[in-house]
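Student: My structure is stored as model08.cif, with mmCIF, C-alpha atoms and all ligand atoms.
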```cif
data_input
loop_
_atom_site.label_atom_id
_atom_site.label_comp_id
_atom_site.auth_asym_id
_atom_site.auth_seq_id
_atom_site.Cartn_x
_atom_site.Cartn_y
_atom_site.Cartn_z
CA MET V 672 112.82 3.50 99.95
CA ASN V 673 116.12 3.28 98.07
CA GLN V 674 118.62 1.84 100.56
CA ALA V 675 121.60 3.82 99.19
CA VAL V 676 119.72 7.10 99.60
CA SER V 677 118.35 6.32 103.06
CA ASN V 678 121.82 5.43 104.35
CA PRO V 679 124.37 8.13 103.50
CA VAL V 680 127.31 6.10 104.83
CA GLN V 681 126.38 3.30 102.44
CA ALA V 682 126.06 5.79 99.58
CA ARG V 683 129.53 7.21 100.25
CA THR V 684 131.31 3.89 100.30
CA THR V 685 130.07 3.02 96.81
CA LEU V 686 132.17 5.77 95.17
CA SER V 687 135.21 4.21 93.53
CA LEU V 688 138.58 5.61 92.50
CA ALA V 689 139.95 2.21 91.49
CA GLY V 690 142.75 2.52 88.96
CA ARG V 691 143.21 6.27 89.52
CA ILE V 692 146.40 8.01 90.61
CA ALA V 693 145.78 10.84 93.08
CA LEU V 694 148.34 13.40 94.23
CA VAL V 695 147.49 15.34 97.39
CA THR V 696 149.70 18.24 98.46
CA GLY V 697 150.13 19.00 102.14
CA ALA V 698 149.09 15.40 102.77
CA ALA V 699 151.43 14.76 105.71
CA SER V 700 148.91 16.44 108.03
CA GLY V 701 145.33 17.52 108.62
CA LEU V 702 142.87 17.69 105.73
CA GLY V 703 145.26 16.44 103.06
CA LYS V 704 146.17 13.37 105.09
CA ARG V 705 142.53 12.41 105.62
CA ILE V 706 141.73 12.97 101.93
CA ALA V 707 144.61 10.67 100.96
CA GLU V 708 143.30 7.98 103.35
CA VAL V 709 139.76 8.22 101.99
CA TYR V 710 141.02 8.11 98.39
CA ALA V 711 143.01 4.98 99.25
CA ASP V 712 139.89 3.42 100.78
CA ALA V 713 138.17 4.12 97.44
CA GLY V 714 140.94 2.23 95.63
CA ALA V 715 143.22 5.01 94.34
CA SER V 716 147.00 4.96 94.31
CA VAL V 717 147.99 7.98 96.39
CA VAL V 718 150.93 10.34 96.31
CA ILE V 719 151.66 12.14 99.57
CA ALA V 720 153.37 15.38 98.55
CA ASP V 721 154.60 17.64 101.34
CA LEU V 722 157.42 19.90 102.43
CA ARG V 723 158.03 17.51 105.31
CA LEU V 724 159.31 14.32 103.66
CA ALA V 725 159.68 12.22 106.83
CA ASP V 726 156.05 12.86 107.79
CA ALA V 727 154.94 12.29 104.19
CA GLN V 728 156.77 8.96 104.15
CA ALA V 729 155.17 7.89 107.45
CA THR V 730 151.73 8.75 106.06
CA ALA V 731 152.44 6.90 102.80
CA ASP V 732 153.67 3.83 104.71
CA ALA V 733 150.55 3.78 106.89
CA ILE V 734 148.24 4.13 103.88
CA ALA V 735 150.10 1.40 101.96
CA LYS V 736 148.81 -1.06 104.58
CA LYS V 737 145.37 -0.59 103.01
CA GLY V 738 146.71 -2.47 99.97
CA VAL V 739 147.09 0.44 97.54
CA ARG V 740 150.22 1.84 95.91
CA THR V 741 151.61 4.93 97.64
CA LEU V 742 154.49 7.31 97.04
CA ALA V 743 155.88 10.01 99.32
CA VAL V 744 157.30 13.01 97.48
CA ALA V 745 159.18 15.99 98.93
CA MET V 746 157.56 19.03 97.35
CA ASN V 747 157.58 22.74 98.05
CA VAL V 748 154.45 23.84 96.17
CA ALA V 749 155.75 27.41 95.97
CA ASP V 750 158.86 26.35 94.05
CA GLU V 751 158.57 25.66 90.31
CA ALA V 752 161.49 23.24 90.08
CA SER V 753 160.35 21.30 93.15
CA VAL V 754 156.80 20.91 91.83
CA ASP V 755 157.88 19.86 88.35
CA ALA V 756 160.45 17.40 89.71
CA GLY V 757 157.86 15.92 92.08
CA PHE V 758 155.32 15.37 89.30
CA GLU V 759 157.99 13.82 87.08
CA ARG V 760 158.88 11.41 89.87
CA VAL V 761 155.22 10.42 90.12
CA ARG V 762 155.01 9.88 86.34
CA GLN V 763 158.06 7.62 86.39
CA ASN V 764 156.96 5.62 89.43
CA LEU V 765 153.19 5.36 89.08
CA GLY V 766 152.13 7.07 85.84
CA GLU V 767 150.39 10.37 85.05
CA VAL V 768 148.10 11.76 87.75
CA ASP V 769 144.32 11.51 87.36
CA ILE V 770 143.44 13.54 90.45
CA LEU V 771 145.18 16.54 92.04
CA VAL V 772 144.13 17.93 95.39
CA SER V 773 145.99 21.22 95.71
CA ASN V 774 145.69 21.49 99.45
CA ALA V 775 149.01 22.58 101.02
CA GLY V 776 148.57 25.75 102.99
CA ILE V 777 149.76 27.95 105.82
CA GLN V 778 148.17 30.65 107.92
CA ILE V 779 149.62 33.91 109.21
CA VAL V 780 147.40 36.28 111.19
CA ALA V 781 148.04 39.95 111.93
CA PRO V 782 146.25 43.28 111.59
CA ILE V 783 146.80 44.82 108.16
CA GLN V 784 148.77 47.76 109.57
CA ASP V 785 151.28 45.33 111.10
CA PHE V 786 151.35 42.78 108.26
CA GLY V 787 154.91 42.33 107.04
CA PHE V 788 155.34 42.37 103.27
CA ALA V 789 157.49 39.24 103.48
CA ASP V 790 154.68 37.39 105.29
CA TRP V 791 152.13 38.61 102.71
CA LYS V 792 154.30 37.28 99.88
CA LYS V 793 155.04 34.01 101.69
CA LEU V 794 151.37 33.23 102.16
CA LEU V 795 150.41 34.14 98.59
CA ALA V 796 153.31 32.03 97.29
CA VAL V 797 152.16 28.88 99.08
CA HIS V 798 148.47 29.24 98.22
CA LEU V 799 148.42 30.98 94.82
CA ASP V 800 151.80 30.10 93.28
CA GLY V 801 151.28 26.62 94.75
CA GLY V 802 147.81 26.34 93.23
CA PHE V 803 149.06 27.46 89.82
CA LEU V 804 152.23 25.37 89.75
CA THR V 805 150.60 22.13 90.88
CA ALA V 806 147.59 22.61 88.61
CA ARG V 807 149.82 23.37 85.62
CA ALA V 808 151.88 20.24 86.24
CA ALA V 809 148.71 18.15 86.65
CA VAL V 810 147.10 19.59 83.50
CA ARG V 811 150.22 18.76 81.49
CA GLN V 812 150.09 15.13 82.66
CA MET V 813 146.33 14.87 82.18
CA ILE V 814 146.65 16.10 78.58
CA ALA V 815 149.56 13.73 77.91
CA SER V 816 147.71 10.72 79.33
CA ARG V 817 144.58 11.55 77.25
CA ARG V 818 142.57 10.52 80.30
CA GLY V 819 141.78 14.00 81.63
CA GLY V 820 141.10 14.16 85.34
CA SER V 821 139.93 16.08 88.38
CA ILE V 822 141.67 19.07 89.98
CA ILE V 823 140.44 20.11 93.40
CA PHE V 824 141.65 23.27 95.12
CA MET V 825 141.37 23.64 98.87
CA GLY V 826 139.61 26.95 99.30
CA SER V 827 137.90 28.04 102.49
CA VAL V 828 134.85 29.88 103.70
CA HIS V 829 137.43 32.63 103.28
CA SER V 830 137.03 32.13 99.50
CA LYS V 831 133.61 33.74 100.07
CA GLU V 832 133.84 35.82 103.25
CA ALA V 833 136.38 37.98 105.03
CA SER V 834 137.60 37.75 108.59
CA ARG V 835 139.75 40.16 110.52
CA LEU V 836 143.54 39.60 110.63
CA LYS V 837 143.65 37.43 107.48
CA ALA V 838 144.36 39.81 104.58
CA PRO V 839 146.58 37.55 102.45
CA TYR V 840 144.71 34.34 103.31
CA VAL V 841 141.33 35.77 102.28
CA THR V 842 142.91 37.27 99.16
CA ALA V 843 144.53 33.97 98.18
CA LYS V 844 141.45 31.84 98.87
CA HIS V 845 139.29 34.15 96.75
CA GLY V 846 141.93 33.95 94.02
CA LEU V 847 141.80 30.15 93.86
CA GLU V 848 138.16 30.35 92.80
CA GLY V 849 139.18 32.37 89.75
CA LEU V 850 141.97 29.95 88.89
CA ALA V 851 139.61 26.98 89.16
CA LYS V 852 137.08 28.62 86.83
CA VAL V 853 139.71 29.35 84.18
CA ILE V 854 141.00 25.77 84.26
CA ALA V 855 137.42 24.47 84.06
CA LYS V 856 137.10 26.31 80.72
CA GLU V 857 140.57 25.56 79.35
CA GLY V 858 140.53 21.97 80.60
CA ALA V 859 137.13 20.96 79.24
CA PRO V 860 138.40 19.92 75.78
CA TYR V 861 140.78 17.53 77.55
CA ASN V 862 138.15 16.18 79.95
CA ILE V 863 139.81 17.99 82.87
CA ARG V 864 137.42 19.32 85.49
CA THR V 865 138.00 21.53 88.51
CA ASN V 866 136.37 22.24 91.85
CA VAL V 867 137.01 24.22 95.00
CA ILE V 868 136.15 22.93 98.47
CA CYS V 869 135.52 25.67 101.01
CA PRO V 870 135.70 24.34 104.58
CA GLY V 871 134.79 26.13 107.76
CA PHE V 872 137.14 25.78 110.73
CA VAL V 873 138.60 22.28 111.13
CA ARG V 874 140.72 21.45 114.19
CA THR V 875 143.95 20.66 112.36
CA PRO V 876 147.41 21.87 113.45
CA LEU V 877 146.85 24.95 111.26
CA VAL V 878 143.85 25.99 113.34
CA GLU V 879 145.20 24.87 116.72
CA LYS V 880 148.05 27.34 116.19
CA GLN V 881 145.66 30.17 115.35
CA ILE V 882 143.57 29.91 118.52
CA PRO V 883 146.16 31.44 120.90
CA GLU V 884 147.37 33.83 118.18
CA GLN V 885 143.89 35.20 117.59
CA ALA V 886 143.22 35.39 121.34
CA GLN V 887 146.27 37.57 121.71
CA ALA V 888 145.59 39.73 118.65
CA LEU V 889 141.93 40.28 119.57
CA GLY V 890 142.50 40.55 123.33
CA ILE V 891 140.01 37.78 124.18
CA SER V 892 140.28 34.30 125.71
CA GLU V 893 140.96 31.17 123.66
CA ALA V 894 137.49 29.87 124.57
CA ASP V 895 136.01 33.07 123.18
CA VAL V 896 138.01 32.69 119.95
CA ILE V 897 136.40 29.26 119.47
CA LYS V 898 132.89 30.26 120.54
CA ASN V 899 132.59 33.83 119.31
CA VAL V 900 134.95 33.91 116.33
CA MET V 901 135.38 30.45 114.82
CA LEU V 902 132.01 28.80 115.44
CA LYS V 903 129.82 31.86 115.95
CA ASP V 904 127.86 31.55 112.71
CA THR V 905 127.60 27.75 112.42
CA VAL V 906 124.16 26.21 112.90
CA ASP V 907 125.36 23.70 115.50
CA ALA V 908 128.46 25.26 117.17
CA GLU V 909 130.45 22.36 115.69
CA PHE V 910 133.82 22.39 113.99
CA THR V 911 133.86 21.04 110.44
CA THR V 912 135.70 17.70 110.46
CA VAL V 913 138.42 16.24 108.27
CA ASP V 914 135.89 13.59 107.24
CA ASP V 915 133.31 16.19 106.19
CA VAL V 916 135.92 17.64 103.83
CA ALA V 917 137.35 14.31 102.66
CA GLN V 918 133.91 13.05 101.64
CA ALA V 919 133.38 16.19 99.55
CA ALA V 920 136.80 15.62 97.96
CA LEU V 921 135.86 12.02 97.18
CA THR V 922 132.58 13.08 95.60
CA PHE V 923 134.27 15.61 93.30
CA ALA V 924 137.06 13.21 92.34
CA ALA V 925 134.66 10.37 91.56
CA TRP V 926 132.01 12.46 89.79
CA PRO V 927 131.53 10.84 86.39
CA SER V 928 130.84 13.90 84.21
CA ASN V 929 131.64 17.60 83.72
CA ALA V 930 128.35 18.59 85.37
CA LEU V 931 129.98 20.10 88.46
CA THR V 932 133.08 21.60 86.87
CA GLY V 933 134.05 25.10 87.96
CA GLN V 934 131.88 24.87 91.08
CA SER V 935 132.87 25.46 94.66
CA LEU V 936 131.25 23.72 97.61
CA VAL V 937 131.11 25.23 101.09
CA VAL V 938 131.50 22.61 103.84
CA SER V 939 131.01 24.65 106.99
CA HIS V 940 128.12 23.48 109.20
CA GLY V 941 126.05 26.40 107.96
CA TRP V 942 128.59 29.14 108.71
CA PHE V 943 128.33 30.38 105.12
CA MET V 944 125.35 29.60 102.90
CA GLN V 945 125.48 30.58 99.24
P1 LIG M 1 147.89 21.51 108.32
O1 LIG M 1 148.82 22.52 108.87
O2 LIG M 1 147.39 20.40 109.20
O3 LIG M 1 148.53 20.82 107.03
C1 LIG M 1 149.12 21.59 106.03
C2 LIG M 1 150.20 20.74 105.36
O4 LIG M 1 150.74 21.54 104.28
C3 LIG M 1 151.37 20.39 106.30
O5 LIG M 1 151.66 19.01 106.22
C4 LIG M 1 152.53 21.24 105.75
O6 LIG M 1 153.80 20.62 105.90
C5 LIG M 1 152.15 21.36 104.29
N1 LIG M 1 152.76 22.53 103.63
C6 LIG M 1 152.85 23.78 104.09
N2 LIG M 1 153.51 24.55 103.22
C7 LIG M 1 153.84 23.75 102.18
C8 LIG M 1 154.55 23.94 100.97
N3 LIG M 1 155.06 25.14 100.64
N4 LIG M 1 154.69 22.89 100.11
C9 LIG M 1 154.21 21.69 100.44
N5 LIG M 1 153.54 21.43 101.58
C10 LIG M 1 153.38 22.45 102.44
O7 LIG M 1 146.68 22.36 107.71
P2 LIG M 1 145.19 21.97 107.25
O8 LIG M 1 144.27 22.63 108.18
O9 LIG M 1 145.08 20.53 106.97
O10 LIG M 1 145.13 22.83 105.91
C11 LIG M 1 145.10 22.26 104.62
C12 LIG M 1 144.44 23.23 103.67
O11 LIG M 1 143.09 23.45 104.07
C13 LIG M 1 145.09 24.62 103.60
O12 LIG M 1 145.09 25.08 102.26
C14 LIG M 1 144.17 25.47 104.44
O13 LIG M 1 144.22 26.83 104.08
C15 LIG M 1 142.84 24.84 104.12
N6 LIG M 1 141.78 25.10 105.08
C16 LIG M 1 141.92 24.70 106.38
C17 LIG M 1 140.89 24.97 107.26
C18 LIG M 1 140.96 24.58 108.71
O14 LIG M 1 140.13 25.07 109.47
N7 LIG M 1 141.89 23.76 109.12
C19 LIG M 1 139.72 25.62 106.82
C20 LIG M 1 139.62 25.98 105.50
C21 LIG M 1 140.66 25.71 104.63
#
```
Here is a file; write its structure as structure tokens.
Tutor:
Amino acid sequence: MNQAVSNPVQARTTLSLAGRIALVTGAASGLGKRIAEVYADAGASVVIADLRLADAQATADAIAKKGVRTLAVAMNVADEASVDAGFERVRQNLGEVDILVSNAGIQIVAPIQDFGFADWKKLLAVHLDGGFLTARAAVRQMIASRRGGSIIFMGSVHSKEASRLKAPYVTAKHGLEGLAKVIAKEGAPYNIRTNVICPGFVRTPLVEKQIPEQAQALGISEADVIKNVMLKDTVDAEFTTVDDVAQAALTFAAWPSNALTGQSLVVSHGWFMQ
């Protein structure tokens, strides 16, 4: 039997991003941080872009110990000037980006009748304006470099399914699928490909915060939120892990052709099967 196929860990470690420049938004924490680490392990130079510069710098410094180039950039993905300035800083310091993971995100939960308009707009701004602004900046650099590249949006099972209390989040995550498909078509002549990763629940700070909030909103215990809301439909009652998601992000970034462009991949321990 082929050794690489029989041993999935072995197969994963053979993917290389040597020589590539990867920018990950929201990389000071959670999923983005793990993706940046895995990209560095695969040989990429990594840019840690986040609202929180001190945490981004600490992440970049830790990753630099792996022997790759790193850069921490303060970036508010919902702000046009901040995104464009951040990408320009990357171009001047490292070169044009080859890989964008548009991952920064927030969560706000409330019943629709109580959802404040300001909260609705805030969430859409981070996820949808952020997706557009970072992808536009990346596309511009990928065209200029003539190397093309890979753009990965962090979707969610909520790109496919609805849950109670998450009106803007579900709306935004569905919207990112449309954006990715358009860029797959427009980017193809420039060798730019796009994908969406759709994780189930991962125990990052974003989800830890939701557990008590959902318990209160639904009038159930925190244990019941985990068991009967978050993990109810998985095949193994397991949370998705940051590594599950980072390996999917590595596969998309390293994929050598346009074969998978425009596709989304659900990484959810069987919660949602398409
Ligand atoms: P997290 O809270 O651990 O990390 C999010 C990071 O984004 C933080 O470092 C934060 O500072 C940064 N950020 C927030 N707003 C920003 C802005 N305007 N500009 C720049 N950076 C900003 O969350 P996470 O769970 O790692 O989430 C990452 C992404 O994965 C989000 O898009 C989220 O919707 C998505 N996601 C998470 C889960 C999950 O269960 N954790 C599941 C599916 C999808």
Student: Using all atoms listed in the file, collect all residues at a distance of at most 6 Å from (148.6, 9.8, 97.7) as written in the file, then present them as a list in words.
Tutor: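 The requested residues, written out, are Ala693, Leu694, Val695, Ala707, Val717, Val718, Ile719 and Thr741 of chain V.
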Student: Pick out the closest residue to Gly849 (chain V) from this set: V:Ser928, V:Lys792, V:Ile770, V:Gly933. Count only C-alpha atoms.
Tutor: V:Gly933
Student: Using all atoms listed in the file, can you tell me which of V:Asn866, V:Gln885, V:Thr932, V:Asn774 comes closest to ligand LIG 1 (chain M)?
Tutor: V:Asn774
Student: Which residues, written as a list in words, have at least one atom at most 7 Å from region 749-753 of chain V, with all atoms listed in the file counted and residues fewer than 6 positions away on the same chain left out?
Tutor: Ala796, Val797, Asp800, Gly801 and Leu804 of chain V
Student: So what do you get for atom C13 of ligand LIG 1 (chain M) versus CA of Ala775 (chain V), distance-wise?
Tutor: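 Atom C13 of ligand LIG 1 (chain M) sits 5.1 Å away from CA of Ala775 (chain V).
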Student: Could you check the closest approach to Val913 (chain V) for each of V:Trp791, V:Thr875, V:Ala729, V:Ala888 and tell me which residue wins, using all atoms listed in the file?
Tutor: V:Thr875
Student: Residues within 7 Å of ligand LIG 1 (chain M), counting all atoms listed in the file: report them as a PyMOL selection string.
Tutor: chain V and resi 696-703+720-723+746-749+774-778+797-798+825-828+869-878
Student: Give the centre and edge lengths of an axis-aligned box, in Å to one decimal, that holds all listed atoms of region 699-714 of chain V with 3 Å on each side, as JSON.
Tutor:
```
{"center_x": 144.8, "center_y": 10.0, "center_z": 102.1, "size_x": 19.3, "size_y": 21.5, "size_z": 19.0}
```
Student: Tell me, in Å to one decimal, how far CA of Leu889 (chain V) is from CA of Ser834 (chain V).
Tutor: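 So the two atoms, CA of Leu889 (chain V) and CA of Ser834 (chain V), lie 12.1 Å apart.
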Student: How far is it from CA of Ala843 (chain V) to CA of Gln881 (chain V), in Å with one decimal?
Tutor: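 Value for the CA of Ala843 (chain V)-CA of Gln881 (chain V) distance: 17.6 Å.
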Student: Using all atoms listed in the file for the distances, tell me which of V:Gly714, V:Gly738, V:Pro782, V:Gly819 is nearest to Pro927 (chain V).
Tutor: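 Answer, going by the shortest atom-to-atom distance: V:Gly819.
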Student: At a cut-off of 9 Å from (145.2, 27.2, 91.4) in the coordinates of the file, what residues are picked up using only C-alpha atoms, written as a PyMOL selection string?
Tutor: chain V and resi 773+798-807+822-824+846-851+854
